[in-house]
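Q: Please read through the structure below; I'll follow up with questions.
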There are 2 protein chains.
Amino acid sequence: METKRSLSIKEIAKLCNVSVATVSRVINQNGRFSKETEKKVLEAIEKFGYKTNMVAKSLRIQESKSIGVIVPDIKNEFFASIVLEIENYCFSEGYSVFICNTNKEEEKEKAYLKSLDAKGVDGLIYISGRETISLDALQREIPIVCIDRKPDIDTNIAIVESDNYRGGFLATEELIKAGCKDILIIKNRRKFSPARLRYKGYQEALELYDLPLKDELVIDIDQTTFEQAKETVSSVIKRRVKFDGVFATNDWIALGALISLKEHHLKVPDNVKLIGFDNISIAKYSYPAITTVHQDKKRLGEEASRALLRLIRKEGGEKLNIVLPVSLVKRQTT
Amino acid sequence: METKRSLSIKEIAKLCNVSVATVSRVINQNGRFSKETEKKVLEAIEKFGYKTNMVAKSLRIQESKSIGVIVPDIKNEFFASIVLEIENYCFSEGYSVFICNTNKEEEKEKAYLKSLDAKGVDGLIYISGRETISLDALQREIPIVCIDRKPDIDTNIAIVESDNYRGGFLATEELIKAGCKDILIIKNRRKFSPARLRYKGYQEALELYDLPLKDELVIDIDQTTFEQAKETVSSVIKRRVKFDGVFATNDWIALGALISLKEHHLKVPDNVKLIGFDNISIAKYSYPAITTVHQDKKRLGEEASRALLRLIRKEGGEKLNIVLPVSLVKRQTT
DNA sequence: ATACAGCAGGTAAACGTTTTCCCATGAGGT
DNA sequence: ACCTCATGGGAAAACGTTTACCTGCTGTAT
């Protein structure tokens, strides 16, 4: 592999018979220098090659032009879409992003917090993480913005999220309008999950349409995964709980429910109607295609990045809580 | 946000009445120091807090404990799965990973190469990138390992890939055994794409089973996306090309083909049989569920990471070309 | 008593920048 | 002819580590 090593400022300086200070000045185009020294330096750089050593620069200026994004599961298209947009936005602003996949494991998350801190990231985006964020792992005061879930600390951390309450309401209403009376809701057990607000929407929709809220119809699960959802729904069916609609609080849960229903020979949407949340491709291409609540993943990522960079640059004047609209996308399961 | 700033080595040293050298020595547990100084230093660290400043350390030891992974599209579950495993393995070995999503755009890729280089990454994993990798963007000699595609440079870059030839063969054979005579293959136009070997498998399977290779049945597309695939298949159908089987060289293409076939009222698998490649969830949950060739994404990521870390640590003794077995997973489309 | 080995730990350079502070030169004003 | 001042650019400190080299001490062998 043939690569010419790039010279350091010192070496460029020597070649030009100027001091390192001068070279640095023309590189960064600040401070004063004459047109001719500028030309001389620029030519040397052009000819011999120079590339900023960011780690030295970072050490000196105390910022690294990189951020970390902490995410529970990058394999989930919902998170991947958000991360993609974060990466994209940050790239355009000159920042690199460390990807930190936690599976919601507290230990891993803590370890990452420490390591990112040590590596001097300028900020952190925290997507749908644990309810308690172990900030004591941090030693520096780093800007943080959360997506999709506000951690349980009464601090002024910025958060951007979808209108989960409205989403929950819309979903439930859709099922009700499709004729459902007994609507199962499957949601995350955690207290600070976005599912909480979706559940609130569910409650209020029931109330508005004069349907009773039945305890046996609200199902909490620990991991909002396909497998758990499928299993859970199976056990509900086996327990002979009566229901004619399912509100799954994300699309993977919906898919798990769908498969389970199929396996128990319950027809969707004829016997049971089903709605998901997020609107990832799996919902569109499953069979039957799953009706769901659309979240604007692109904007989620974009707004979070924008907010973070403003925080980093101390530009201020930013809303600390951004909530984005959701919309219903009707497909075949309702 | 209440965070105690962590002290630097110098400050710890002052507190202990020892030199920075000594503190550094006990932190890194090398060099010589007495039990009691060790205790003193450790206690101070415990009490007042110290955390390595990695950027200073990196500058000094000339390694950053971070790598970059360059990937065309993180939203594609195939890539996400690989990245997940890379992240996981690297984390366990103390490395962080920069995520670089390129969309295969040459400019972005080059920019990333430069920036990663400047940030001092210790290595690079390059997933299914462009056929020419612009190494001239690099100034340092960085270990690189490629996944899924060997760039068009005759260098000793390590590569880990699936047995694409065999995959192509298996897929084609499956269609043939299911009774197909005219098998459309939809593949990436690029010369160095893994699709090339899959195509070779296709050719040899046809030959083995005495089927003619018809030019109008091999379709090249530029972007191996759902949309392009769908459009392409539609246009093929409209051109009245006769075919009774489709070998899509990845699952998204397969899905695009499937949807297009449905829209043209061609029944799968009755009128046309279909097979994909990769085995991502979309293939499993689409309707009908798509038969596909399984790639071991986890191992792809793991082997690549392992190889890279060995390269970084100059451990050598590693095979430069790792090829992993594939397997057929039969579902409803054949 | 002298020499020497071995150990603990200090000094300072180095990694590659940025930036503060300073100096020298020359131009313009009196 | 002298003072002032702007301008270009150099010297050096600083960011927080690691490490090569050196020093001083204690204990043992001669």
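Each chain of the structure tokens is named A, B, ... in the order shown, its residues numbered from 1; ligands are numbered from 1 in display order.
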Please provide the set of residues having any atom within 9 Å of DT18 of chain D, restricted to only C-alpha atoms (C1' of nucleotides), with same-chain residues fewer than 3 positions apart removed, written as a PDB file with N, CA and C atoms (P, O5', C5', C4', C3', O3' and C1' of nucleotides), in the first residue's frame.
A:
ATOM      1  N   ALA B  21       5.103  11.021  36.238  1.00  0.00           N
ATOM      2  CA  ALA B  21       5.599   9.745  35.722  1.00  0.00           C
ATOM      3  C   ALA B  21       5.116   8.597  36.601  1.00  0.00           C
ATOM      4  N   SER B  24       1.429   7.963  36.189  1.00  0.00           N
ATOM      5  CA  SER B  24       1.220   7.266  34.926  1.00  0.00           C
ATOM      6  C   SER B  24       1.595   5.794  35.056  1.00  0.00           C
ATOM      7  N   ARG B  25       2.701   5.550  35.745  1.00  0.00           N
ATOM      8  CA  ARG B  25       3.143   4.173  35.881  1.00  0.00           C
ATOM      9  C   ARG B  25       2.140   3.326  36.641  1.00  0.00           C
ATOM     10  N   LYS B  57      -3.598  10.795  25.288  1.00  0.00           N
ATOM     11  CA  LYS B  57      -2.940   9.500  25.201  1.00  0.00           C
ATOM     12  C   LYS B  57      -2.716   9.103  23.744  1.00  0.00           C
ATOM     13  N   ARG B  60       0.132  10.846  22.173  1.00  0.00           N
ATOM     14  CA  ARG B  60       1.419  10.356  22.627  1.00  0.00           C
ATOM     15  C   ARG B  60       1.733   8.968  22.056  1.00  0.00           C
ATOM     16  N   ILE B  61       0.808   8.053  22.210  1.00  0.00           N
ATOM     17  CA  ILE B  61       1.141   6.684  21.800  1.00  0.00           C
ATOM     18  C   ILE B  61       0.804   6.410  20.342  1.00  0.00           C
TER      19      ILE B  61
ATOM     20  P    DA C  14      12.834  15.949  21.963  1.00  0.00           P
ATOM     21  O5'  DA C  14      11.550  15.190  21.429  1.00  0.00           O
ATOM     22  C5'  DA C  14      11.352  13.812  21.713  1.00  0.00           C
ATOM     23  C4'  DA C  14       9.878  13.528  21.673  1.00  0.00           C
ATOM     24  C3'  DA C  14       9.105  14.351  20.631  1.00  0.00           C
ATOM     25  O3'  DA C  14       8.659  13.500  19.608  1.00  0.00           O
ATOM     26  C1'  DA C  14       7.957  14.251  22.723  1.00  0.00           C
TER      27       DA C  14
END
Q: Got a sec to tell me which of segment 36-103 of chain A DSSP assigns to helix (DSSP H, G or I), as a count of residues only?
A: 37
Q: Quick check, in Å to one decimal: how far apart do atom CA of Asn101 of chain B and atom CA of Val69 of chain B lie?
A: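 Atom-to-atom, atom CA of Asn101 of chain B to atom CA of Val69 of chain B, that is 8.4 Å.
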Q: Looking only at the backbone, which of the residues in segment 39-287 of chain B does DSSP tag as strand (DSSP E), as a ChimeraX atom specification?
A: /B:66-71,96-101,123-127,144-147,158-162,183-188,218-221,245-248,273-278
Q: Write out, as a tab-separated table (two decimals), in the first residue's frame, the residues just selected, with N, CA and C atoms.
A:
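Final file, out-v2.tsv:
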chain	number	residue	atom	x	y	z
B	66	SER	N	-9.84	3.45	18.07
B	66	SER	CA	-11.10	3.57	17.37
B	66	SER	C	-10.90	3.20	15.91
B	67	ILE	N	-11.95	2.71	15.32
B	67	ILE	CA	-11.87	2.32	13.92
B	67	ILE	C	-13.05	2.95	13.18
B	68	GLY	N	-13.00	2.92	11.88
B	68	GLY	CA	-14.12	3.43	11.10
B	68	GLY	C	-14.75	2.29	10.32
B	69	VAL	N	-16.06	2.31	10.21
B	69	VAL	CA	-16.67	1.36	9.29
B	69	VAL	C	-17.47	2.11	8.23
B	70	ILE	N	-17.13	1.78	7.01
B	70	ILE	CA	-17.72	2.46	5.87
B	70	ILE	C	-18.73	1.53	5.23
B	71	VAL	N	-19.95	2.01	5.13
B	71	VAL	CA	-21.05	1.14	4.77
B	71	VAL	C	-21.98	1.89	3.82
B	96	SER	N	-13.76	1.75	19.76
B	96	SER	CA	-15.01	2.39	19.39
B	96	SER	C	-15.10	2.47	17.88
B	97	VAL	N	-16.32	2.54	17.36
B	97	VAL	CA	-16.42	2.61	15.91
B	97	VAL	C	-17.17	3.82	15.39
B	98	PHE	N	-16.53	4.47	14.45
B	98	PHE	CA	-17.16	5.56	13.72
B	98	PHE	C	-18.00	4.97	12.60
B	99	ILE	N	-19.23	5.40	12.50
B	99	ILE	CA	-20.08	4.90	11.44
B	99	ILE	C	-20.09	5.87	10.27
B	100	CYS	N	-19.86	5.34	9.08
B	100	CYS	CA	-19.77	6.21	7.91
B	100	CYS	C	-20.67	5.66	6.83
B	101	ASN	N	-21.76	6.32	6.61
B	101	ASN	CA	-22.74	5.86	5.63
B	101	ASN	C	-22.51	6.62	4.33
B	123	GLY	N	-7.84	1.61	12.20
B	123	GLY	CA	-8.14	0.69	11.11
B	123	GLY	C	-9.48	1.02	10.49
B	124	LEU	N	-9.77	0.28	9.43
B	124	LEU	CA	-10.96	0.59	8.64
B	124	LEU	C	-11.62	-0.70	8.19
B	125	ILE	N	-12.93	-0.75	8.32
B	125	ILE	CA	-13.66	-1.86	7.71
B	125	ILE	C	-14.54	-1.27	6.62
B	126	TYR	N	-14.49	-1.90	5.51
B	126	TYR	CA	-15.04	-1.33	4.30
B	126	TYR	C	-16.07	-2.32	3.78
B	127	ILE	N	-17.34	-2.04	3.97
B	127	ILE	CA	-18.36	-3.00	3.60
B	127	ILE	C	-18.92	-2.71	2.22
B	144	ILE	N	-6.76	-2.19	6.65
B	144	ILE	CA	-8.12	-2.17	6.12
B	144	ILE	C	-8.58	-3.60	5.89
B	145	VAL	N	-9.82	-3.89	6.25
B	145	VAL	CA	-10.37	-5.14	5.77
B	145	VAL	C	-11.71	-4.88	5.12
B	146	CYS	N	-11.91	-5.59	4.02
B	146	CYS	CA	-13.13	-5.41	3.26
B	146	CYS	C	-14.10	-6.55	3.54
B	147	ILE	N	-15.37	-6.21	3.53
B	147	ILE	CA	-16.39	-7.24	3.64
B	147	ILE	C	-17.19	-7.25	2.35
B	158	ALA	N	-7.10	-7.36	3.25
B	158	ALA	CA	-7.83	-8.56	3.65
B	158	ALA	C	-9.29	-8.45	3.25
B	159	ILE	N	-9.88	-9.59	2.97
B	159	ILE	CA	-11.30	-9.55	2.62
B	159	ILE	C	-12.02	-10.73	3.23
B	160	VAL	N	-13.20	-10.47	3.75
B	160	VAL	CA	-14.04	-11.57	4.20
B	160	VAL	C	-15.37	-11.47	3.48
B	161	GLU	N	-15.80	-12.59	2.98
B	161	GLU	CA	-17.01	-12.60	2.14
B	161	GLU	C	-17.72	-13.95	2.26
B	162	SER	N	-18.94	-13.97	1.79
B	162	SER	CA	-19.65	-15.24	1.74
B	162	SER	C	-19.26	-15.97	0.46
B	183	ILE	N	-34.86	-18.37	-16.41
B	183	ILE	CA	-34.62	-17.71	-15.13
B	183	ILE	C	-34.00	-16.33	-15.31
B	184	LEU	N	-34.77	-15.35	-14.91
B	184	LEU	CA	-34.30	-13.97	-14.92
B	184	LEU	C	-33.32	-13.81	-13.76
B	185	ILE	N	-32.18	-13.18	-14.05
B	185	ILE	CA	-31.30	-12.84	-12.92
B	185	ILE	C	-31.17	-11.33	-12.89
B	186	ILE	N	-31.35	-10.76	-11.70
B	186	ILE	CA	-31.26	-9.30	-11.57
B	186	ILE	C	-30.07	-9.01	-10.68
B	187	LYS	N	-29.14	-8.30	-11.24
B	187	LYS	CA	-27.90	-8.10	-10.48
B	187	LYS	C	-27.33	-6.72	-10.68
B	188	ASN	N	-26.43	-6.42	-9.82
B	188	ASN	CA	-25.72	-5.15	-9.87
B	188	ASN	C	-24.85	-5.08	-11.11
B	218	VAL	N	-30.56	-11.74	-18.41
B	218	VAL	CA	-29.71	-11.17	-17.35
B	218	VAL	C	-29.84	-9.65	-17.37
B	219	ILE	N	-30.33	-9.17	-16.26
B	219	ILE	CA	-30.69	-7.76	-16.13
B	219	ILE	C	-29.74	-7.07	-15.16
B	220	ASP	N	-29.12	-6.01	-15.67
B	220	ASP	CA	-28.24	-5.24	-14.79
B	220	ASP	C	-28.96	-4.01	-14.29
B	221	ILE	N	-28.83	-3.73	-13.01
B	221	ILE	CA	-29.37	-2.46	-12.50
B	221	ILE	C	-28.26	-1.69	-11.80
B	245	GLY	N	-38.91	-17.79	-13.69
B	245	GLY	CA	-38.19	-17.77	-12.42
B	245	GLY	C	-37.37	-16.50	-12.31
B	246	VAL	N	-37.19	-16.05	-11.10
B	246	VAL	CA	-36.37	-14.85	-10.90
B	246	VAL	C	-35.34	-15.12	-9.81
B	247	PHE	N	-34.09	-14.89	-10.16
B	247	PHE	CA	-33.04	-14.93	-9.15
B	247	PHE	C	-32.63	-13.49	-8.87
B	248	ALA	N	-33.06	-13.01	-7.71
B	248	ALA	CA	-32.71	-11.64	-7.32
B	248	ALA	C	-31.48	-11.71	-6.45
B	273	LYS	N	-41.46	-18.37	-10.15
B	273	LYS	CA	-40.81	-18.66	-8.87
B	273	LYS	C	-39.75	-17.61	-8.61
B	274	LEU	N	-39.41	-17.44	-7.35
B	274	LEU	CA	-38.55	-16.31	-6.99
B	274	LEU	C	-37.61	-16.70	-5.86
B	275	ILE	N	-36.39	-16.23	-5.99
B	275	ILE	CA	-35.44	-16.47	-4.88
B	275	ILE	C	-34.60	-15.23	-4.66
B	276	GLY	N	-34.27	-14.99	-3.42
B	276	GLY	CA	-33.49	-13.81	-3.08
B	276	GLY	C	-32.09	-14.17	-2.59
B	277	PHE	N	-31.49	-13.25	-1.88
B	277	PHE	CA	-30.14	-13.47	-1.36
B	277	PHE	C	-29.96	-12.58	-0.14
B	278	ASP	N	-29.33	-13.10	0.88
B	278	ASP	CA	-28.98	-12.42	2.14
B	278	ASP	C	-29.70	-13.01	3.34
Q: Do you have, as a Markdown table, the list of residues of chain C lying at most 9 Å from chain A, each with its nearest atom pair and that distance in Å to one decimal, counting only C-alpha atoms (C1' of nucleotides) and ordered by chain then number?
A:
| residue | atom | partner | partner_atom | distance |
| --- | --- | --- | --- | --- |
| C:DC15 | C1' | A:Ala56 | CA | 7.7 |
| C:DG16 | C1' | A:Ala56 | CA | 4.9 |
| C:DT17 | C1' | A:Lys57 | CA | 4.8 |
| C:DT18 | C1' | A:Arg60 | CA | 6.4 |
| C:DT19 | C1' | A:Ala21 | CA | 8.5 |
Q: With only C-alpha atoms (C1' of nucleotides) considered, list every residue of chain D at most 8 Å from chain A, as a list of chain:residue names.
A: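 Listing them in order of chain and number gives D:DT7, D:DG8, D:DG9, D:DG10, D:DA14, D:DC15, D:DG16.
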Q: Please measure the separation of atom CA of Lys14 of chain A and atom CA of Glu38 of chain A, giving the value in Å to one decimal.
A: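 Going from atom CA of Lys14 of chain A over to atom CA of Glu38 of chain A covers 14.5 Å.
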Q: With distances taken over only C-alpha atoms, which of B:Ile237, B:Leu266, B:Val23, B:Ile280 is nearest to chain A?
A: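 Going through B:Ile237, B:Leu266, B:Val23, B:Ile280 one by one, the smallest distance to chain A is for B:Ile280.
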Q: Hey, can you check how far atom CA of Glu174 of chain A sits from atom CA of Gly256 of chain A?
A: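 Computed distance, atom CA of Glu174 of chain A to atom CA of Gly256 of chain A, equals 20.0 Å.
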Q: Using only C-alpha atoms, find the one residue out of A:Val233, A:Leu170, A:Val83, A:Leu208 that sits nearest to chain B.
A: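 Checking each candidate against chain B, we get A:Val83 as the closest.
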Q: Would you list the contacts of DG6 of chain C as a CSV table (one decimal) with N, CA and C atoms (P, O5', C5', C4', C3', O3' and C1' of nucleotides), in the first residue's frame, taking every protein, DNA or RNA residue within 12 Å and counting only C-alpha atoms (C1' of nucleotides), but skipping same-chain residues closer than 6 positions in sequence?
A:
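The file below, part-v3.csv, is the result:
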chain,number,residue,atom,x,y,z
B,32,ARG,N,8.3,0.8,37.5
B,32,ARG,CA,8.4,0.3,38.9
B,32,ARG,C,7.9,1.4,39.9
D,25,DC,P,20.3,10.3,48.8
D,25,DC,O5',19.8,8.9,49.4
D,25,DC,C5',18.5,8.5,49.1
D,25,DC,C4',18.4,7.0,49.1
D,25,DC,C3',19.3,6.3,50.1
D,25,DC,O3',18.4,5.7,51.1
D,25,DC,C1',19.5,5.3,48.0
D,26,DT,P,19.0,5.3,52.5
D,26,DT,O5',18.9,3.7,52.3
D,26,DT,C5',17.7,3.1,51.8
D,26,DT,C4',18.1,1.7,51.4
D,26,DT,C3',18.9,0.9,52.4
D,26,DT,O3',18.2,-0.3,52.7
D,26,DT,C1',19.9,0.7,50.3
D,27,DG,P,18.7,-1.2,53.9
D,27,DG,O5',19.4,-2.5,53.1
D,27,DG,C5',18.7,-3.0,52.0
D,27,DG,C4',19.7,-4.0,51.3
D,27,DG,C3',20.5,-4.8,52.2
D,27,DG,O3',20.6,-6.1,51.6
D,27,DG,C1',21.9,-3.5,50.8
D,28,DT,P,21.0,-7.4,52.5
D,28,DT,O5',22.2,-8.0,51.7
D,28,DT,C5',22.0,-8.3,50.3
D,28,DT,C4',23.3,-8.2,49.6
D,28,DT,C3',24.4,-9.1,50.2
D,28,DT,O3',24.8,-10.1,49.2
D,28,DT,C1',25.3,-7.0,49.7
